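J.: Contents of my_file30.txt (compact mmCIF, C-alpha atoms) are below:
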# COMPACT_ATOMS: atom_id res chain seq x y z
CA MET A 599 -81.38 20.77 -22.33
CA THR A 600 -82.77 17.76 -20.50
CA ILE A 601 -79.38 16.01 -20.59
CA LEU A 602 -77.59 19.12 -19.35
CA ALA A 603 -80.09 19.50 -16.56
CA ILE A 604 -79.65 15.89 -15.48
CA ALA A 605 -75.84 16.22 -15.60
CA GLY A 606 -75.96 19.44 -13.59
CA PHE A 607 -78.27 17.90 -11.02
CA ALA A 608 -76.03 14.82 -10.74
CA THR A 609 -72.94 17.01 -10.24
CA ILE A 610 -74.65 19.00 -7.52
CA ALA A 611 -75.87 15.79 -5.86
CA ILE A 612 -72.40 14.22 -5.92
CA PHE A 613 -70.80 17.40 -4.56
CA ALA A 614 -73.41 17.58 -1.80
CA ALA A 615 -72.84 13.92 -0.93
CA VAL A 616 -69.06 14.46 -0.75
CA VAL A 617 -69.45 17.52 1.48
CA LEU A 618 -71.90 15.64 3.70
CA LYS A 619 -69.56 12.65 3.98
CA TYR A 620 -66.59 14.93 4.73
CA ASN A 621 -68.49 16.71 7.52
CA GLN A 622 -69.78 13.43 8.93
CA GLY A 623 -66.22 12.10 9.20
CA LYS A 624 -65.00 15.35 10.72
CA LYS A 625 -67.73 15.39 13.37
CA ALA A 626 -67.47 11.68 14.17
CA GLY A 627 -63.83 11.90 15.25
CA ALA A 628 -63.28 8.22 14.47
CA ASP A 629 -60.04 6.62 15.60
CA ILE A 630 -57.37 5.98 12.98
CA LEU A 631 -55.83 2.52 13.23
CA SER A 632 -52.05 2.26 13.50
CA PRO A 633 -50.57 0.70 10.36
CA VAL A 634 -48.92 -2.71 10.27
CA PHE A 635 -45.45 -2.43 8.74
CA THR A 636 -44.09 -5.23 6.57
CA LEU A 637 -40.44 -5.74 5.62
CA ALA A 638 -39.13 -6.11 2.09
CA PRO A 639 -37.28 -8.37 1.73
CA ALA A 640 -38.82 -10.35 4.58
CA THR A 641 -36.08 -13.01 4.65
CA ASP A 642 -32.46 -13.50 3.58
CA ILE A 643 -31.47 -10.01 4.75
CA LYS A 644 -27.71 -9.46 4.44
CA LEU A 645 -25.46 -7.33 6.61
CA GLY A 646 -25.29 -3.77 5.20
CA SER A 647 -28.20 -4.30 2.77
CA THR A 648 -31.25 -2.01 2.58
CA VAL A 649 -34.55 -3.17 4.09
CA SER A 650 -37.80 -1.33 3.36
CA ALA A 651 -40.50 -1.11 6.08
CA ASP A 652 -43.86 -0.18 4.49
CA GLY A 653 -47.27 0.48 6.05
CA LEU A 654 -50.68 1.82 4.90
CA ILE A 655 -52.77 4.31 6.89
CA ALA A 656 -56.51 4.69 6.20
CA CYS A 657 -57.64 8.18 7.27
CA PRO A 658 -60.92 10.10 6.99
CA TRP A 659 -60.79 12.81 4.37
CA HIS A 660 -60.00 15.57 6.89
CA ARG A 661 -56.94 13.77 8.33
CA TRP A 662 -53.58 12.76 6.82
CA PRO A 663 -50.00 12.00 7.93
CA VAL A 664 -47.48 14.85 7.72
CA LYS A 665 -44.28 13.38 9.20
CA ALA A 666 -42.82 10.02 10.29
CA ASN A 667 -40.04 9.66 12.86
CA VAL A 668 -38.14 6.35 12.72
CA THR A 669 -36.40 4.74 15.71
CA PRO A 670 -34.44 1.77 14.27
CA GLY A 671 -34.00 -1.36 16.36
CA LYS A 672 -30.66 -2.11 18.02
CA GLY A 673 -28.19 -3.34 15.43
CA SER A 674 -29.62 -1.27 12.56
CA GLN A 675 -29.68 2.33 11.33
CA SER A 676 -32.11 4.37 9.24
CA GLU A 677 -31.28 5.53 5.71
CA GLY A 678 -32.61 9.04 5.22
CA ASN A 679 -36.07 10.25 6.21
CA ALA A 680 -39.25 8.20 5.98
CA ALA A 681 -41.37 8.86 2.87
CA ILE A 682 -45.14 9.54 2.87
CA LYS A 683 -47.09 9.08 -0.39
CA PHE A 684 -50.78 9.10 -1.38
CA SER A 685 -51.86 5.52 -2.10
CA GLY A 686 -55.60 5.45 -2.84
CA LEU A 687 -59.04 7.05 -2.44
CA GLY A 688 -62.17 5.51 -0.96
CA TRP A 689 -65.63 6.71 0.03
CA GLY A 690 -65.08 8.87 3.10
CA SER A 691 -61.43 7.91 3.51
CA TRP A 692 -58.13 7.81 1.72
CA LYS A 693 -54.96 5.77 2.09
CA TRP A 694 -51.39 6.94 2.63
CA LYS A 695 -48.25 4.82 2.36
CA VAL A 696 -45.39 5.34 4.85
CA SER A 697 -42.00 3.86 3.89
CA ALA A 698 -38.78 3.76 5.93
CA LYS A 699 -35.37 2.42 4.85
CA LEU A 700 -33.23 0.46 7.33
CA GLN A 701 -29.70 -0.97 7.18
CA PRO A 702 -28.44 -3.69 9.56
CA TYR A 703 -24.82 -3.21 10.69
CA GLN A 704 -24.36 -6.32 12.83
CA ASN A 705 -25.04 -10.02 12.36
CA GLY A 706 -27.82 -11.91 14.11
CA ARG A 707 -31.10 -10.65 15.53
CA ILE A 708 -32.02 -7.01 14.90
CA GLU A 709 -34.32 -5.78 17.66
CA GLU A 710 -37.80 -4.32 17.12
CA GLY A 711 -37.93 -0.68 16.01
CA ARG A 712 -40.75 1.85 15.97
CA ILE A 713 -42.23 4.58 13.79
CA GLU A 714 -44.14 7.56 15.20
CA ILE A 715 -46.40 9.17 12.59
CA GLU A 716 -47.56 12.74 13.13
CA LEU A 717 -51.01 13.69 11.76
CA ASN A 718 -52.26 17.07 10.53
CA ASN A 719 -53.99 19.45 12.94
CA PRO A 720 -57.09 17.65 14.25
CA ALA A 721 -60.63 18.95 14.51
CA SER A 722 -62.15 19.49 17.94
CA SER A 723 -63.75 16.04 17.81
CA ASP A 724 -60.48 14.25 16.95
CA LYS A 725 -58.47 12.76 19.82
CA GLN A 726 -55.44 11.49 17.92
CA ARG A 727 -52.46 13.65 17.08
CA SER A 728 -50.09 10.83 16.16
CA LEU A 729 -49.83 7.07 15.59
CA VAL A 730 -47.17 4.66 16.83
CA ALA A 731 -46.36 1.43 14.99
CA ALA A 732 -43.74 -1.27 15.46
CA ILE A 733 -41.09 -2.42 12.98
CA SER A 734 -40.80 -6.18 13.31
CA PRO A 735 -37.46 -7.65 14.43
CA PHE A 736 -35.51 -9.59 11.82
CA GLU A 737 -32.34 -11.64 11.31
CA SER A 738 -29.26 -10.20 9.61
CA ALA A 739 -27.08 -12.75 7.80
CA PRO A 740 -23.32 -12.34 7.14
CA LEU A 741 -22.19 -11.17 3.71
CA ASP A 742 -21.45 -13.90 1.18
CA ILE A 743 -17.68 -13.49 0.91
CA GLY A 744 -17.24 -16.36 -1.57
CA SER A 745 -14.08 -18.40 -1.96
CA SER A 746 -11.68 -15.42 -1.98
CA GLN A 747 -12.18 -14.75 1.72
CA GLU A 748 -11.05 -11.15 1.11
CA LEU A 749 -14.12 -9.48 2.64
CA ALA A 750 -14.53 -9.34 6.39
CA VAL A 751 -17.54 -7.84 8.12
CA ALA A 752 -17.69 -5.35 10.93
CA GLY A 753 -19.96 -7.68 12.90
CA SER A 754 -17.40 -10.49 12.71
CA MET A 755 -14.64 -8.16 13.87
CA ILE A 756 -16.71 -7.24 16.91
CA LYS A 757 -16.99 -10.92 17.85
CA LYS A 758 -13.38 -11.89 17.09
CA ILE A 759 -11.30 -9.03 18.59
CA ILE A 760 -10.36 -9.88 22.18
CA SER A 761 -12.09 -7.77 24.79
CA ASN A 762 -11.34 -8.33 28.47
CA LYS A 763 -10.06 -6.29 31.38
CA LEU A 764 -6.84 -8.27 31.75
CA LEU A 765 -5.76 -7.37 28.22
CA PHE A 766 -6.35 -3.67 28.96
CA ILE A 767 -4.23 -3.90 32.11
CA LEU A 768 -1.39 -5.75 30.38
CA ALA A 769 -1.41 -3.30 27.48
CA GLY A 770 -1.25 -0.39 29.94
CA ILE A 771 1.73 -1.95 31.74
CA VAL A 772 3.53 -2.58 28.45
CA ILE A 773 2.92 1.00 27.30
CA GLY A 774 4.12 2.33 30.67
CA VAL A 775 7.33 0.30 30.46
CA ILE A 776 7.90 1.50 26.90
CA ILE A 777 7.40 5.14 27.91
CA ILE A 778 9.86 4.78 30.83
CA PHE A 779 12.35 3.05 28.55
CA LEU A 780 12.11 5.81 25.95
CA PHE A 781 12.57 8.48 28.63
CA LEU A 782 15.71 6.80 30.02
CA MET A 783 17.16 6.32 26.56
CA PHE A 784 16.49 9.96 25.74
CA ARG A 785 18.31 11.11 28.88
CA ARG A 786 21.27 8.84 28.17
CA ASN A 787 21.52 10.08 24.61
CA ARG A 788 21.48 13.69 25.73
CA LYS A 789 24.33 13.04 28.18
CA ASN A 790 26.40 11.36 25.47
CA ASN A 791 25.64 14.13 22.96
CA TYR A 792 24.34 11.45 20.61
CA GLN A 793 21.12 11.57 18.67
CA ARG A 794 19.45 8.72 16.92
CA ALA A 795 16.23 8.31 14.98
CA ILE A 796 13.31 6.86 16.94
CA PRO A 797 12.62 3.31 15.69
CA ALA A 798 9.48 2.65 13.69
CA TRP A 799 8.01 0.44 16.45
CA ASP A 800 8.41 3.17 19.07
CA VAL A 801 6.84 5.74 16.74
CA ALA A 802 3.88 3.43 16.10
CA LEU A 803 3.33 2.73 19.81
CA ALA A 804 3.47 6.45 20.62
CA GLU A 805 0.95 7.19 17.88
CA PHE A 806 -1.34 4.46 19.21
CA GLY A 807 -1.27 6.14 22.62
CA LYS A 808 -2.01 9.55 21.13
CA LEU A 809 -4.88 8.12 19.06
CA ARG A 810 -6.36 6.48 22.17
CA ILE A 811 -6.34 9.82 24.03
CA GLU A 812 -7.99 11.62 21.09
CA LEU A 813 -10.65 8.90 20.82
CA LYS A 814 -11.56 8.91 24.52
CA GLY A 815 -11.49 12.72 24.63
CA GLY A 816 -14.02 12.89 21.79
CA ARG A 817 -11.68 14.98 19.63
CA LEU A 818 -11.98 12.59 16.69
CA SER A 819 -14.98 10.72 15.29
CA THR A 820 -14.85 6.92 15.21
CA ASP A 821 -14.57 6.70 11.41
CA ILE A 822 -11.59 9.13 11.39
CA CYS A 823 -9.96 7.17 14.25
CA ILE A 824 -10.16 3.86 12.39
CA SER A 825 -8.76 5.54 9.25
CA LYS A 826 -5.79 6.97 11.23
CA LEU A 827 -5.21 3.58 12.90
CA THR A 828 -5.04 1.96 9.44
CA ASP A 829 -2.45 4.53 8.31
CA ILE A 830 -0.28 3.99 11.43
CA ILE A 831 -0.23 0.21 10.88
CA ARG A 832 0.53 0.53 7.15
CA ASN A 833 3.39 3.02 7.75
CA TYR A 834 4.90 0.81 10.47
CA LEU A 835 4.86 -2.28 8.25
CA GLU A 836 6.53 -0.34 5.42
CA LYS A 837 9.37 0.92 7.65
CA ARG A 838 9.79 -2.32 9.61
CA PHE A 839 9.60 -4.89 6.81
CA SER A 840 9.96 -2.80 3.61
CA LEU A 841 6.42 -3.69 2.56
CA HIS A 842 4.66 -1.31 0.20
CA ALA A 843 1.64 -1.17 2.52
CA PRO A 844 0.79 2.57 2.24
CA THR A 845 0.54 2.46 -1.57
CA GLN A 846 -1.30 -0.86 -1.91
CA THR A 847 -5.03 -1.54 -1.86
CA THR A 848 -6.28 -3.78 0.92
CA ALA A 849 -6.64 -6.72 -1.50
CA GLU A 850 -3.07 -6.25 -2.83
CA PHE A 851 -1.64 -5.93 0.66
CA LEU A 852 -3.40 -9.08 1.93
CA GLU A 853 -2.25 -11.01 -1.13
CA ASP A 854 1.33 -9.85 -0.50
CA LEU A 855 1.19 -11.28 3.02
CA LYS A 856 0.35 -14.77 1.70
CA ARG A 857 3.80 -15.35 0.19
CA GLU A 858 6.00 -18.05 1.70
CA ASN A 859 8.63 -15.71 3.12
CA SER A 860 6.12 -13.33 4.72
CA PRO A 861 7.70 -11.75 7.84
CA LEU A 862 4.43 -11.97 9.78
CA GLY A 863 3.08 -15.02 11.57
CA ASN A 864 -0.37 -16.52 11.05
CA GLU A 865 -1.88 -14.73 14.07
CA ASN A 866 -0.69 -11.30 12.94
CA ARG A 867 -1.80 -11.95 9.34
CA SER A 868 -5.23 -13.02 10.57
CA PHE A 869 -5.61 -9.84 12.64
CA LEU A 870 -4.51 -7.62 9.74
CA LYS A 871 -6.94 -9.32 7.37
CA GLU A 872 -9.89 -8.89 9.76
CA PHE A 873 -9.03 -5.33 10.77
CA MET A 874 -8.12 -3.82 7.40
CA THR A 875 -11.06 -5.29 5.48
CA ALA A 876 -13.46 -4.29 8.25
CA ALA A 877 -11.93 -0.79 8.22
CA ASP A 878 -12.73 -0.60 4.49
CA LEU A 879 -16.38 -1.33 5.30
CA VAL A 880 -16.41 1.51 7.82
CA LYS A 881 -14.78 3.95 5.36
CA PHE A 882 -16.49 2.97 2.11
CA ALA A 883 -19.78 1.22 3.09
CA LYS A 884 -20.34 3.76 5.90
CA LEU A 885 -20.98 1.06 8.49
CA PRO A 886 -20.70 2.43 12.04
CA ALA A 887 -17.96 1.49 14.48
CA ASP A 888 -18.22 2.22 18.18
CA GLU A 889 -15.45 3.28 20.58
CA ALA A 890 -15.06 -0.18 22.13
CA VAL A 891 -14.36 -1.79 18.74
CA ILE A 892 -11.64 0.77 17.94
CA GLU A 893 -10.08 0.47 21.44
CA ASN A 894 -9.80 -3.30 20.99
CA ALA A 895 -8.29 -2.80 17.53
CA ILE A 896 -5.67 -0.41 18.99
CA ILE A 897 -4.72 -3.02 21.60
CA LYS A 898 -4.31 -5.73 18.95
CA ALA A 899 -2.23 -3.33 16.83
CA GLU A 900 0.04 -2.66 19.83
CA VAL A 901 0.50 -6.39 20.33
CA LEU A 902 1.38 -6.74 16.62
CA VAL A 903 4.07 -4.03 16.89
CA ILE A 904 5.49 -5.40 20.15
CA THR A 905 5.71 -8.97 18.83
CA THR A 906 7.37 -7.91 15.56
CA ARG A 907 9.97 -5.44 16.86
CA PRO A 908 13.62 -6.57 17.28
CA VAL A 909 14.46 -8.71 20.30
CA GLU A 910 17.48 -6.57 21.19
CA SER A 911 16.09 -3.27 22.45
CA GLY A 912 19.15 -1.29 21.31
CA GLN A 913 19.01 -2.50 17.73
CA GLN A 914 17.31 -0.25 15.16
CA VAL A 915 15.46 -2.02 12.37
CA SER A 916 13.60 -0.15 9.67
CA GLY A 917 13.42 -3.17 7.37
CA VAL A 918 15.99 -5.69 6.06
CA ARG A 919 15.83 -6.31 2.33
CA GLU A 920 17.91 -8.53 0.10
CA LYS A 921 18.75 -7.51 -3.46
CA HIS A 922 15.76 -9.29 -4.92
CA GLY A 923 13.26 -7.93 -2.39
CA ASN A 924 12.93 -10.98 -0.15
CA ILE A 925 12.80 -10.34 3.57
CA ASN A 926 14.60 -12.64 6.03
CA ASN A 927 16.77 -12.64 9.14
CA ILE A 928 14.30 -10.38 10.92
CA VAL A 929 14.91 -10.68 14.67
Could I get this structure in the form of structure tokens?

T.:
Amino acid sequence: MTILAIAGFATIAIFAAVVLKYNQGKKAGADILSPVFTLAPATDIKLGSTVSADGLIACPWHRWPVKANVTPGKGSQSEGNAAIKFSGLGWGSWKWKVSAKLQPYQNGRIEEGRIEIELNNPASSDKQRSLVAAISPFESAPLDIGSSQELAVAGSMIKKIISNKLLFILAGIVIGVIIIFLFLMFRRNRKNNYQRAIPAWDVALAEFGKLRIELKGGRLSTDICISKLTDIIRNYLEKRFSLHAPTQTTAEFLEDLKRENSPLGNENRSFLKEFMTAADLVKFAKLPADEAVIENAIIKAEVLVITTRPVESGQQVSGVREKHGNINNIV
């Protein structure tokens, strides 16, 4: 009986102490310190990899975090919602862990982000309804593409694709001349009662123009636009040079272009390698691409078509193939 009495008294005393401590914390309305978030990994962060930002919040027993809103720094994006988990219990307080997942989508410095943490409904003595903490800036390194050189990165494409006003103006003039030329040819053919198939280069240029209008009008998302642009280029190369571009993987297509009798010059091969591998990252790694990047890619694709079409405007070329599959005498 004596032991039971002592145990019962101890239980009552502990319960009373807990209630007293809880009420003291509730009446005090003490400030809750904003957590300091650390990155994991802290260094050697690769483009497209996942970075975890973790922070601990020490709250009095009557307060706890209920939601965390993440604003990623420029050059990165969040992966899903931030997680909140119980981390530990102390006398008068407990700890909660807030974790957010980030993914850098460009090379170089990723700017500082922020996390706003909402707390449960406060007591009358509590002044804080939320906490704001910073996510430290960090450096994003390019992907290790190894010796094969068959992976390009979206960040590199942004830096390498030409972007200046003069190129936009020249491309507009070229497209205007092509449209006028097609209109005059159409009228002449109607007068002569003669119909001919539209050459592959004219079809490609017209589709580039249509894609540009749909992109600027917001009728297509950027990832769908870059997928359609890839299809237009592949179909043109198949019809123009008898390449099996639409049925090949990107790696197979790029390897095919390396052969000695490739119909494309170094500049065009370089553009195709950068664009098509970067497009794969957008489609399969879900890396974002903005409108300016796609507009520049359309311009480069137009230049590729214009520089590889026949010199004689009246000549139709859908691809010249010898018996053994080699391509030559392309004008």

J.: Excluding range 609-621 of chain A and residues on its chain fewer than 2 positions from it, collect all residues at most 10 Å away from it, counting all atoms listed in the file, and give them as a list in words.

T.: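 My reading of the contact set: Ala603, Ile604, Ala605, Gly606, Phe607, Gly623, Lys624, Lys625, Ala626, Pro658, Trp659, His660, Trp689, Gly690 and Ser691 of chain A.
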
J.: Could you pull the residues within 10 Å of range 827-838 of chain A, counting all atoms listed in the file, minus those fewer than 2 positions along the same chain, as a ChimeraX atom specification?

T.: /A:797-803,805-806,809-810,821-825,840-846,851,861-862,870,873-874,877-878,892,895-896,899-900,902-903,906-908,914-918,928

J.: Using CA of Thr820 in chain A and CA of Ile643 in chain A as the two end points, give the distance in Å to one decimal.

T.: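 CA of Thr820 in chain A sits 25.9 Å away from CA of Ile643 in chain A.
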
J.: If you measure from CA of Ala887 in chain A to CA of Gln704 in chain A, what distance in Å do you get, rounded to one decimal?

T.: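 Separating CA of Ala887 in chain A from CA of Gln704 in chain A is a distance of 10.2 Å.
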
J.: Report, in Å to a single decimal, how far apart CA of Lys826 in chain A and CA of Phe781 in chain A are.

T.: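 Between CA of Phe781 in chain A and CA of Lys826 in chain A the gap works out to 25.3 Å.
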
J.: Could you check which of A:Gly673, A:Pro720, A:Pro735, A:Gly686 is closest to Phe635 in chain A, using all atoms listed in the file?

T.: A:Pro735

J.: Here is a test: counting all atoms listed in the file, which residue of A:Leu637, A:Val909, A:Ile897, A:Ala849 is nearest to Leu768 in chain A?

T.: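 Comparing A:Leu637, A:Val909, A:Ile897, A:Ala849 against Leu768 in chain A, the winner is A:Ile897.
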
J.: Write out as a Markdown table the residues of range 612-649 of chain A that have any atom within 9 Å of an atom of range 722-729 of chain A, one row each with the nearest atom pair and its distance in Å to one decimal, counting all atoms listed in the file, sorted by chain and then rising number.

T.:
| residue | atom | partner | partner_atom | distance |
| --- | --- | --- | --- | --- |
| A:Lys624 | CA | A:Ser723 | CA | 7.2 |
| A:Lys625 | CA | A:Ser723 | CA | 6.0 |
| A:Ala626 | CA | A:Ser723 | CA | 6.8 |
| A:Gly627 | CA | A:Asp724 | CA | 4.4 |
| A:Ala628 | CA | A:Asp724 | CA | 7.1 |
| A:Asp629 | CA | A:Gln726 | CA | 7.1 |
| A:Ile630 | CA | A:Gln726 | CA | 7.6 |
| A:Leu631 | CA | A:Leu729 | CA | 7.9 |
| A:Ser632 | CA | A:Leu729 | CA | 5.7 |
| A:Pro633 | CA | A:Leu729 | CA | 8.3 |

J.: Counting all atoms listed in the file, figure out which residue out of A:Leu780, A:Val634, A:Ile771, A:Leu879 gets nearest to Arg712 in chain A.

T.: A:Val634

J.: Give the answer as one residue: which of A:Glu716, A:Glu858, A:Glu677, A:Glu893 has the shortest atom-to-atom distance to Ser647 in chain A, using all atoms listed in the file?

T.: A:Glu677

J.: Measuring atom to atom with all atoms listed in the file, identify which of A:Asn679, A:Thr600, A:Gln701, A:Trp692 is nearest to Ala638 in chain A.

T.: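 Smallest separation from Ala638 in chain A among the options: A:Gln701.
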
J.: Identify, on the basis of all atoms listed in the file, every residue whose closest approach to range 736-740 of chain A does not exceed 7 Å; exclude the query and any residue fewer than 4 positions from it along the same chain; express the result as a PDB file with C-alpha atoms, in the coordinates of the input.

T.:
ATOM      1  CA  ASP A 642     -32.460 -13.500   3.580  1.00  0.00           C
ATOM      2  CA  ILE A 643     -31.470 -10.010   4.750  1.00  0.00           C
ATOM      3  CA  LYS A 644     -27.710  -9.460   4.440  1.00  0.00           C
ATOM      4  CA  LEU A 645     -25.460  -7.330   6.610  1.00  0.00           C
ATOM      5  CA  PRO A 702     -28.440  -3.690   9.560  1.00  0.00           C
ATOM      6  CA  ASN A 705     -25.040 -10.020  12.360  1.00  0.00           C
ATOM      7  CA  GLY A 706     -27.820 -11.910  14.110  1.00  0.00           C
ATOM      8  CA  ARG A 707     -31.100 -10.650  15.530  1.00  0.00           C
ATOM      9  CA  ILE A 708     -32.020  -7.010  14.900  1.00  0.00           C
TER      10      ILE A 708
END

J.: Rank A:Gly816, A:Thr641, A:Asn718, A:Gly646 by their smallest atom-to-atom distance to Ala666 in chain A, using only C-alpha atoms, and report the top residue only.

T.: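 With only C-alpha atoms as the atom set, the closest residue is A:Asn718.
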